[in-house]
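Here is entry.txt, consisting of compact mmCIF, C-alpha atoms:
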```txt
# COMPACT_ATOMS: atom_id res chain seq x y z
CA MET A 13 -3.60 -3.31 0.78
CA SER A 14 -2.44 -0.07 2.33
CA GLU A 15 -6.05 0.74 3.22
CA ASN A 16 -5.91 -2.02 5.82
CA ASP A 17 -3.00 -0.39 7.67
CA SER A 18 -5.35 1.58 9.91
CA VAL A 19 -7.28 -1.62 10.69
CA LEU A 20 -4.09 -3.41 11.74
CA ALA A 21 -3.10 -0.44 13.91
CA ALA A 22 -6.53 -0.41 15.59
CA ALA A 23 -6.38 -4.16 16.19
CA ARG A 24 -3.13 -3.77 18.09
CA ALA A 25 -4.43 -0.77 20.02
CA TRP A 26 -7.60 -2.67 21.03
CA ALA A 27 -5.81 -5.96 21.75
CA GLY A 28 -7.55 -8.11 24.34
CA GLU A 29 -10.90 -6.34 23.96
CA PRO A 30 -14.04 -7.82 22.31
CA MET A 31 -14.03 -7.21 18.57
CA ALA A 32 -15.38 -8.49 15.26
CA ILE A 33 -13.79 -8.18 11.85
CA ALA A 34 -15.66 -7.81 8.56
CA THR A 35 -13.95 -8.78 5.30
CA VAL A 36 -15.00 -8.42 1.66
CA VAL A 37 -14.69 -12.01 0.40
CA SER A 38 -16.32 -11.67 -3.04
CA THR A 39 -17.14 -8.86 -5.46
CA TRP A 40 -19.12 -8.58 -8.69
CA GLY A 41 -19.45 -5.64 -11.05
CA SER A 42 -18.63 -2.13 -9.83
CA ALA A 43 -18.10 -3.06 -6.19
CA PRO A 44 -16.91 -0.07 -4.14
CA ARG A 45 -14.18 -1.94 -2.22
CA PRO A 46 -11.89 -4.76 -3.40
CA ARG A 47 -11.66 -8.29 -2.02
CA GLY A 48 -9.71 -8.40 1.22
CA SER A 49 -10.89 -5.02 2.49
CA HIS A 50 -11.45 -5.02 6.25
CA MET A 51 -13.59 -3.22 8.78
CA LEU A 52 -12.77 -3.80 12.45
CA VAL A 53 -15.54 -3.24 15.00
CA HIS A 54 -15.02 -2.78 18.74
CA ALA A 55 -17.68 -3.90 21.25
CA ASP A 56 -18.26 -0.27 22.25
CA GLY A 57 -19.23 0.65 18.67
CA ARG A 58 -15.96 2.15 17.49
CA PHE A 59 -14.80 0.93 14.10
CA GLU A 60 -11.93 1.31 11.68
CA GLY A 61 -11.78 0.61 7.95
CA SER A 62 -14.50 0.11 5.37
CA VAL A 63 -16.10 -2.66 3.32
CA SER A 64 -18.23 -0.56 1.00
CA GLY A 65 -17.35 3.08 1.29
CA GLY A 66 -20.42 3.77 3.44
CA CYS A 67 -23.28 1.92 1.73
CA VAL A 68 -23.65 -1.07 4.04
CA GLU A 69 -21.54 -0.16 7.06
CA SER A 70 -24.54 0.40 9.34
CA ASP A 71 -25.79 -3.12 8.70
CA ILE A 72 -22.30 -4.53 9.23
CA LEU A 73 -22.06 -2.71 12.55
CA GLN A 74 -25.28 -4.39 13.69
CA THR A 75 -24.10 -7.80 12.50
CA ALA A 76 -20.74 -7.30 14.20
CA ALA A 77 -22.47 -6.47 17.48
CA GLU A 78 -24.39 -9.74 17.26
CA VAL A 79 -21.22 -11.70 16.51
CA ILE A 80 -19.37 -10.07 19.41
CA ALA A 81 -22.31 -11.00 21.66
CA GLY A 82 -21.89 -14.67 20.72
CA ALA A 83 -23.77 -15.19 17.45
CA PRO A 84 -21.96 -17.37 14.86
CA PHE A 85 -19.96 -15.78 12.07
CA GLN A 86 -21.98 -14.68 9.05
CA VAL A 87 -21.44 -14.12 5.34
CA LYS A 88 -23.75 -11.39 4.08
CA ARG A 89 -24.40 -10.48 0.46
CA TYR A 90 -25.32 -7.00 -0.73
CA GLY A 91 -26.39 -5.65 -4.10
CA VAL A 92 -28.77 -3.10 -5.59
CA ALA A 93 -31.74 -3.20 -3.26
CA ASP A 94 -34.16 -0.95 -5.13
CA ALA A 95 -36.19 1.01 -2.57
CA SER A 96 -33.84 0.14 0.27
CA ALA A 97 -30.65 0.66 -1.73
CA TRP A 98 -29.41 3.43 0.52
CA GLU A 99 -30.04 1.34 3.63
CA VAL A 100 -28.43 -2.06 3.03
CA GLY A 101 -27.70 -2.06 -0.69
CA LEU A 102 -25.14 -0.79 -3.14
CA PRO A 103 -26.49 2.09 -5.24
CA CYS A 104 -23.33 1.91 -7.37
CA GLY A 105 -24.68 -1.26 -8.98
CA GLY A 106 -22.10 -3.76 -7.78
CA GLU A 107 -22.45 -6.71 -5.45
CA ILE A 108 -20.30 -7.83 -2.55
CA ALA A 109 -20.17 -10.64 -0.01
CA VAL A 110 -18.92 -9.70 3.43
CA MET A 111 -17.83 -12.15 6.11
CA VAL A 112 -18.20 -11.04 9.74
CA GLN A 113 -16.12 -13.03 12.26
CA PRO A 114 -15.39 -12.70 15.95
CA VAL A 115 -11.81 -11.82 16.77
CA SER A 116 -11.18 -14.98 18.74
CA ALA A 117 -9.37 -18.32 18.66
CA THR A 118 -12.32 -19.83 16.79
CA GLY A 119 -12.73 -16.93 14.35
CA PHE A 120 -10.02 -14.51 13.27
CA ASP A 121 -7.28 -15.41 15.74
CA PRO A 122 -6.04 -12.15 17.37
CA GLU A 123 -2.45 -13.42 17.12
CA LEU A 124 -2.77 -13.12 13.34
CA PHE A 125 -2.67 -9.34 13.60
CA ASP A 126 0.81 -9.40 15.16
CA ARG A 127 2.01 -11.97 12.62
CA ILE A 128 0.73 -9.86 9.72
CA VAL A 129 2.35 -6.68 11.04
CA ALA A 130 5.68 -8.39 11.79
CA THR A 131 5.89 -10.14 8.43
CA ARG A 132 5.03 -7.02 6.46
CA ALA A 133 7.64 -5.05 8.42
CA GLU A 134 10.22 -7.55 7.16
CA GLY A 135 9.21 -6.71 3.58
CA ARG A 136 7.42 -10.03 3.06
CA ALA A 137 3.82 -10.92 2.28
CA LEU A 138 1.67 -13.14 4.50
CA THR A 139 -1.29 -15.25 3.41
CA VAL A 140 -4.21 -16.00 5.71
CA THR A 141 -6.73 -18.71 4.78
CA THR A 142 -10.30 -18.73 6.08
CA ASP A 143 -12.56 -21.78 6.03
CA LEU A 144 -15.91 -20.41 4.88
CA ALA A 145 -17.69 -23.37 6.45
CA THR A 146 -16.43 -22.68 9.96
CA GLY A 147 -15.37 -19.03 9.83
CA HIS A 148 -11.93 -19.87 11.22
CA SER A 149 -8.85 -18.06 9.88
CA ASP A 150 -5.40 -19.59 10.01
CA LEU A 151 -1.96 -19.43 8.41
CA ARG A 152 -2.24 -23.08 7.42
CA PRO A 153 -3.98 -23.90 4.12
CA VAL A 154 -7.37 -25.60 4.30
CA GLU A 155 -7.30 -28.93 2.49
CA THR A 156 -10.97 -29.21 1.52
CA GLY A 157 -14.10 -27.10 1.24
CA GLU A 158 -14.64 -23.48 0.21
CA VAL A 159 -11.99 -21.08 1.41
CA PHE A 160 -11.11 -17.41 1.22
CA VAL A 161 -7.44 -16.53 0.87
CA ASN A 162 -6.27 -13.03 1.76
CA ARG A 163 -2.74 -11.84 1.00
CA TYR A 164 -1.22 -9.07 3.09
CA ASP A 165 1.53 -7.43 1.06
CA PRO A 166 4.30 -5.31 2.63
CA PRO A 167 3.53 -1.62 3.16
CA ARG A 168 4.11 0.52 0.10
CA ARG A 169 7.21 2.65 0.26
CA LEU A 170 8.58 5.51 -1.81
CA LEU A 171 12.28 6.37 -1.88
CA ILE A 172 12.78 9.91 -3.19
CA VAL A 173 16.35 10.76 -4.16
CA GLY A 174 16.93 14.51 -4.14
CA ALA A 175 15.38 16.82 -1.54
CA VAL A 176 14.15 19.34 -4.10
CA GLN A 177 10.86 21.24 -4.38
CA ILE A 178 9.14 18.52 -6.41
CA ALA A 179 10.12 16.07 -3.67
CA GLN A 180 8.27 18.20 -1.11
CA ALA A 181 5.05 18.01 -3.10
CA LEU A 182 5.51 14.32 -3.90
CA ALA A 183 6.14 13.45 -0.26
CA GLY A 184 2.87 15.14 0.68
CA LEU A 185 0.92 13.24 -1.97
CA ALA A 186 2.50 9.95 -0.93
CA ARG A 187 1.53 10.59 2.68
CA GLU A 188 -2.11 11.12 1.65
CA LEU A 189 -1.93 7.84 -0.30
CA GLY A 190 -0.71 5.98 2.76
CA ILE A 191 2.73 5.35 1.24
CA GLU A 192 5.69 5.42 3.60
CA THR A 193 8.17 7.94 2.25
CA VAL A 194 11.94 8.28 2.65
CA VAL A 195 13.80 11.28 1.23
CA ILE A 196 17.46 10.59 0.46
CA ASP A 197 20.00 13.36 -0.05
CA PRO A 198 23.56 13.76 1.26
CA ARG A 199 23.23 17.55 1.07
CA GLY A 200 22.38 18.73 4.56
CA ARG A 201 21.05 22.13 3.49
CA PHE A 202 18.39 20.44 1.35
CA LEU A 203 17.48 17.59 3.69
CA THR A 204 15.83 19.27 6.69
CA GLU A 205 12.83 18.47 8.86
CA GLU A 206 11.47 21.95 8.18
CA ARG A 207 11.27 21.20 4.46
CA PHE A 208 10.04 17.62 4.94
CA PRO A 209 7.94 17.41 8.10
CA GLY A 210 6.83 13.93 9.12
CA VAL A 211 9.04 12.21 6.52
CA THR A 212 11.95 9.84 7.12
CA LEU A 213 15.20 11.55 6.12
CA ASP A 214 18.31 9.65 5.01
CA ASP A 215 21.56 11.57 4.47
CA ARG A 216 23.64 8.63 3.26
CA TRP A 217 25.06 8.55 -0.25
CA PRO A 218 22.15 7.46 -2.50
CA ASP A 219 23.48 4.09 -3.67
CA GLU A 220 24.17 3.07 -0.06
CA ALA A 221 20.83 4.36 1.16
CA VAL A 222 18.75 2.75 -1.62
CA ALA A 223 20.46 -0.61 -1.14
CA ALA A 224 19.95 -0.41 2.63
CA TRP A 225 16.19 0.13 2.22
CA ARG A 226 16.04 -3.08 0.14
CA PRO A 227 13.50 -2.03 -2.53
CA GLY A 228 11.01 -4.76 -3.43
CA PRO A 229 7.70 -5.16 -5.28
CA ALA A 230 6.05 -2.71 -2.87
CA THR A 231 8.69 0.00 -3.31
CA ALA A 232 9.06 2.86 -5.79
CA VAL A 233 12.32 4.75 -6.33
CA VAL A 234 12.29 8.21 -7.93
CA THR A 235 15.36 10.36 -8.60
CA LEU A 236 14.77 14.11 -8.71
CA SER A 237 18.04 15.88 -7.88
CA HIS A 238 19.14 16.68 -11.47
CA ASP A 239 22.68 15.97 -10.22
CA THR A 240 24.17 12.94 -11.96
CA LYS A 241 26.52 12.34 -9.03
CA ILE A 242 23.45 11.78 -6.84
CA ASP A 243 20.89 10.33 -9.24
CA ASP A 244 23.01 7.85 -11.20
CA PRO A 245 24.32 5.81 -8.23
CA ALA A 246 20.77 5.64 -6.88
CA LEU A 247 19.46 4.34 -10.19
CA VAL A 248 22.17 1.68 -10.37
CA ALA A 249 21.14 0.47 -6.90
CA ALA A 250 17.43 0.63 -7.70
CA LEU A 251 17.81 -1.32 -10.95
CA ALA A 252 19.69 -4.03 -9.08
CA SER A 253 16.53 -4.59 -7.02
CA ASP A 254 13.02 -5.71 -7.92
CA ALA A 255 11.47 -2.34 -7.14
CA ALA A 256 7.99 -1.96 -8.60
CA TYR A 257 8.73 1.44 -10.12
CA VAL A 258 11.92 3.33 -10.96
CA GLY A 259 11.54 6.87 -12.30
CA ALA A 260 14.00 9.63 -13.14
CA LEU A 261 13.33 13.33 -13.66
CA GLY A 262 14.65 14.96 -16.83
CA SER A 263 13.93 15.69 -20.46
CA ARG A 264 14.02 13.08 -23.23
CA ARG A 265 17.44 14.39 -24.22
CA SER A 266 18.81 14.15 -20.67
CA HIS A 267 17.30 10.67 -20.31
CA ALA A 268 19.08 9.53 -23.47
CA ALA A 269 22.34 10.75 -21.98
CA ARG A 270 21.44 9.01 -18.73
CA ARG A 271 20.96 5.73 -20.54
CA GLU A 272 24.45 6.05 -22.05
CA ARG A 273 26.00 6.76 -18.65
CA LEU A 274 24.28 3.79 -17.00
CA ALA A 275 25.31 1.49 -19.85
CA ALA A 276 28.91 2.67 -19.41
CA LEU A 277 28.60 1.72 -15.73
CA GLY A 278 27.70 -1.82 -16.78
CA VAL A 279 23.92 -1.72 -16.26
CA ASP A 280 22.11 -4.16 -18.55
CA PRO A 281 20.01 -2.40 -21.25
CA VAL A 282 17.00 -4.48 -20.22
CA GLN A 283 17.28 -3.06 -16.72
CA ILE A 284 17.76 0.47 -18.04
CA ASP A 285 14.48 0.05 -19.94
CA ARG A 286 12.73 -0.25 -16.57
CA ILE A 287 13.33 3.44 -15.88
CA ASP A 288 10.32 5.67 -16.42
CA GLY A 289 12.04 8.66 -17.95
CA PRO A 290 10.98 11.36 -18.27
CA VAL A 291 9.29 10.37 -15.02
CA GLY A 292 5.50 10.39 -14.60
CA ILE A 293 2.37 10.27 -16.71
CA ASP A 294 2.17 12.93 -19.43
CA ILE A 295 -0.57 15.27 -18.21
CA GLY A 296 1.09 18.45 -19.47
CA ALA A 297 2.25 19.14 -15.93
CA ILE A 298 3.51 22.62 -15.10
CA GLY A 299 5.21 23.37 -11.81
CA PRO A 300 6.36 21.14 -8.94
CA SER A 301 2.91 20.14 -7.64
CA GLU A 302 1.58 19.01 -11.03
CA ILE A 303 4.81 17.16 -11.81
CA ALA A 304 4.53 15.43 -8.43
CA LEU A 305 0.96 14.46 -9.27
CA SER A 306 2.04 12.90 -12.57
CA ILE A 307 4.76 10.93 -10.75
CA ALA A 308 2.36 9.74 -8.05
CA ALA A 309 -0.10 8.53 -10.68
CA ALA A 310 2.61 6.59 -12.53
CA MET A 311 3.83 5.08 -9.27
CA VAL A 312 0.36 3.92 -8.22
CA GLY A 313 -0.17 2.46 -11.69
CA ALA A 314 3.04 0.48 -11.31
CA PHE A 315 1.94 -0.81 -7.91
CA HIS A 316 -1.21 -2.07 -9.60
CA ASP A 317 0.79 -3.41 -12.55
CA ARG A 318 -0.94 -0.99 -14.93
CA ARG A 319 2.12 0.57 -16.57
```

Encoded form (structure tokens):
Amino acid sequence: MSENDSVLAAARAWAGEPMAIATVVSTWGSAPRPRGSHMLVHADGRFEGSVSGGCVESDILQTAAEVIAGAPFQVKRYGVADASAWEVGLPCGGEIAVMVQPVSATGFDPELFDRIVATRAEGRALTVTTDLATGHSDLRPVETGEVFVNRYDPPRRLLIVGAVQIAQALAGLARELGIETVVIDPRGRFLTEERFPGVTLDDRWPDEAVAAWRPGPATAVVTLSHDTKIDDPALVAALASDAAYVGALGSRRSHAARRERLAALGVDPVQIDRIDGPVGIDIGAIGPSEIALSIAAAMVGAFHDRR
């Protein structure tokens, strides 16, 4: 999950210092955070991440302090606690189980953080298995007993083709969503740091650039230039990958023409059907910011396989 990126960054920044890690291992009902969510706690009280959105964090901080001091790992369960709901319960009505482990060779091995980061950077997922009887996490599967398996997918990435005004708004939304963003455009006057601060810029021809970024299940590709010489090669490259989402700006009429052009280039009709065109969820968007919002929503839905 992208929400764990800040936890992984903190783990590397605090490397070698006493820490505990809390993980949501089970959820029921309207739980505020999904399974696999982390909260990393430093011995000095600093923490990063969340396991409930604020409902039970204070209790987790206390438990983490005990674990850091030498207490065994714990699995704590939280639900609606009536009078004490706002203290150590979940007023939203859900239930969660949270495991608190020391960051140590016998708990959550600190070397796992580096392995997770390195594997995700290669565009691959990594699975960590935790033995719920011992509280030990490892890359090797546990043969017997109750286990918790957490999958760390590659960071989400958005490739925007066409450094236009909608791209500026979309890049900002993607940044807020924790999605790494690359803007691709061979036109130097469009592709500037002033127009896209804090965003990776790629001035290669779109088909070369898209192929080089190797889109996978954690990548979305959106073409926005309105220039067929720029958009079409990018779409051909994107459809040759297993990108999670491929979208193209334009009206229904222009998308029909686009389909004909891509078919003439030899793209399989089944692959062409993957294109979300006109791009985005129909919210009656007006103007660049609202169009960007509709695209961001469609992209997130694709990442969650909700298209």

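Nearest to Ala77 in chain A of all the residues A:His267, A:Arg24, A:His54, A:Arg47 is A:His54, counting only C-alpha atoms.
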
| task | Quick one: pull the distance between CA of Val279 in chain A and CA of Leu261 in chain A, Å, one decimal. | result | 18.6 Å

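Distance check against Ala137 in chain A using all atoms listed in the file: of A:Ser49, A:Thr39, A:Ser149, A:Asn162, the minimum falls on A:Asn162.
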
Range 110-206 of chain A near range 303-311 of chain A within 8 Å: what's each residue's closest atom pair and its distance in Å to one decimal, counting all atoms listed in the file, ordered by chain then ascending residue number, as a Markdown table?
```
| residue | atom | partner | partner_atom | distance |
| --- | --- | --- | --- | --- |
| A:Ile178 | CA | A:Ala304 | CA | 5.9 |
| A:Ala179 | CA | A:Ala304 | CA | 7.4 |
| A:Ala181 | CA | A:Ala304 | CA | 5.9 |
| A:Leu182 | CA | A:Ala304 | CA | 4.8 |
| A:Leu185 | CA | A:Ala308 | CA | 7.2 |
| A:Ala186 | CA | A:Ala308 | CA | 7.1 |
```

| field | Between CA of Gly82 in chain A and CA of Leu138 in chain A, distance in Å (one decimal) | value | 28.6 Å

| request: Might you pull out every residue within 9 Å of Leu151 in chain A, with only C-alpha atoms counted and same-chain residues fewer than 4 positions away left off, and present them as a PyMOL selection string? | output: chain A and resi 124+138-142

| message | Give me, as a PyMOL selection string, all polymer residues having an atom no more than 12 Å from Asp219 in chain A, counting all atoms listed in the file and skipping those fewer than 3 positions away in the same chain. | response | chain A and resi 171+173+196-198+214-216+222-227+233+235+241-253

Write the selection just made, keeping C-alpha atoms, as a compact mmCIF listing (two decimals), keeping the file's coordinate frame?
```txt
# COMPACT_ATOMS: atom_id res chain seq x y z
CA LEU A 171 12.28 6.37 -1.88
CA VAL A 173 16.35 10.76 -4.16
CA ILE A 196 17.46 10.59 0.46
CA ASP A 197 20.00 13.36 -0.05
CA PRO A 198 23.56 13.76 1.26
CA ASP A 214 18.31 9.65 5.01
CA ASP A 215 21.56 11.57 4.47
CA ARG A 216 23.64 8.63 3.26
CA VAL A 222 18.75 2.75 -1.62
CA ALA A 223 20.46 -0.61 -1.14
CA ALA A 224 19.95 -0.41 2.63
CA TRP A 225 16.19 0.13 2.22
CA ARG A 226 16.04 -3.08 0.14
CA PRO A 227 13.50 -2.03 -2.53
CA VAL A 233 12.32 4.75 -6.33
CA THR A 235 15.36 10.36 -8.60
CA LYS A 241 26.52 12.34 -9.03
CA ILE A 242 23.45 11.78 -6.84
CA ASP A 243 20.89 10.33 -9.24
CA ASP A 244 23.01 7.85 -11.20
CA PRO A 245 24.32 5.81 -8.23
CA ALA A 246 20.77 5.64 -6.88
CA LEU A 247 19.46 4.34 -10.19
CA VAL A 248 22.17 1.68 -10.37
CA ALA A 249 21.14 0.47 -6.90
CA ALA A 250 17.43 0.63 -7.70
CA LEU A 251 17.81 -1.32 -10.95
CA ALA A 252 19.69 -4.03 -9.08
CA SER A 253 16.53 -4.59 -7.02
```

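The coordinates place CA of Pro166 in chain A at 6.7 Å from CA of Ala133 in chain A.
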
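If you measure from each of A:Arg45, A:Glu78, A:Arg163, A:Gly147 to Ala109 in chain A using all atoms listed in the file, the closest one turns out to be A:Arg45.
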
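The smallest atom-to-atom distance between Ser18 in chain A and any of A:Pro167, A:Gly57, A:Pro229, A:Gly210, using only C-alpha atoms, is found for A:Pro167.
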
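With distances taken over all atoms listed in the file, A:Glu15 is the one residue among A:Glu123, A:Glu15, A:Glu69, A:Asp288 lying closest to Pro46 in chain A.
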
Just need the box for range 63-75 of chain A, edges along x, y and z, holding every atom the file lists for it with 6 Å tacked onto each side, so centre and edge lengths in Å to one decimal, as AutoDock Vina command-line options.
```
--center_x -20.9 --center_y -2.0 --center_z 7.3 --size_x 21.7 --size_y 23.6 --size_z 24.7
```

| If we count all atoms listed in the file, what is near Leu144 in chain A at a cut-off of 12 Å, once residues fewer than 4 positions away on the same chain are taken out, given as a PyMOL selection string? | chain A and resi 35+37-38+85-88+109-113+119-120+148-150+154+156-161

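Using only C-alpha atoms, the nearest neighbour of Arg201 in chain A within the list A:Ala22, A:Ala269, A:Val176, A:Ala297 is A:Val176.
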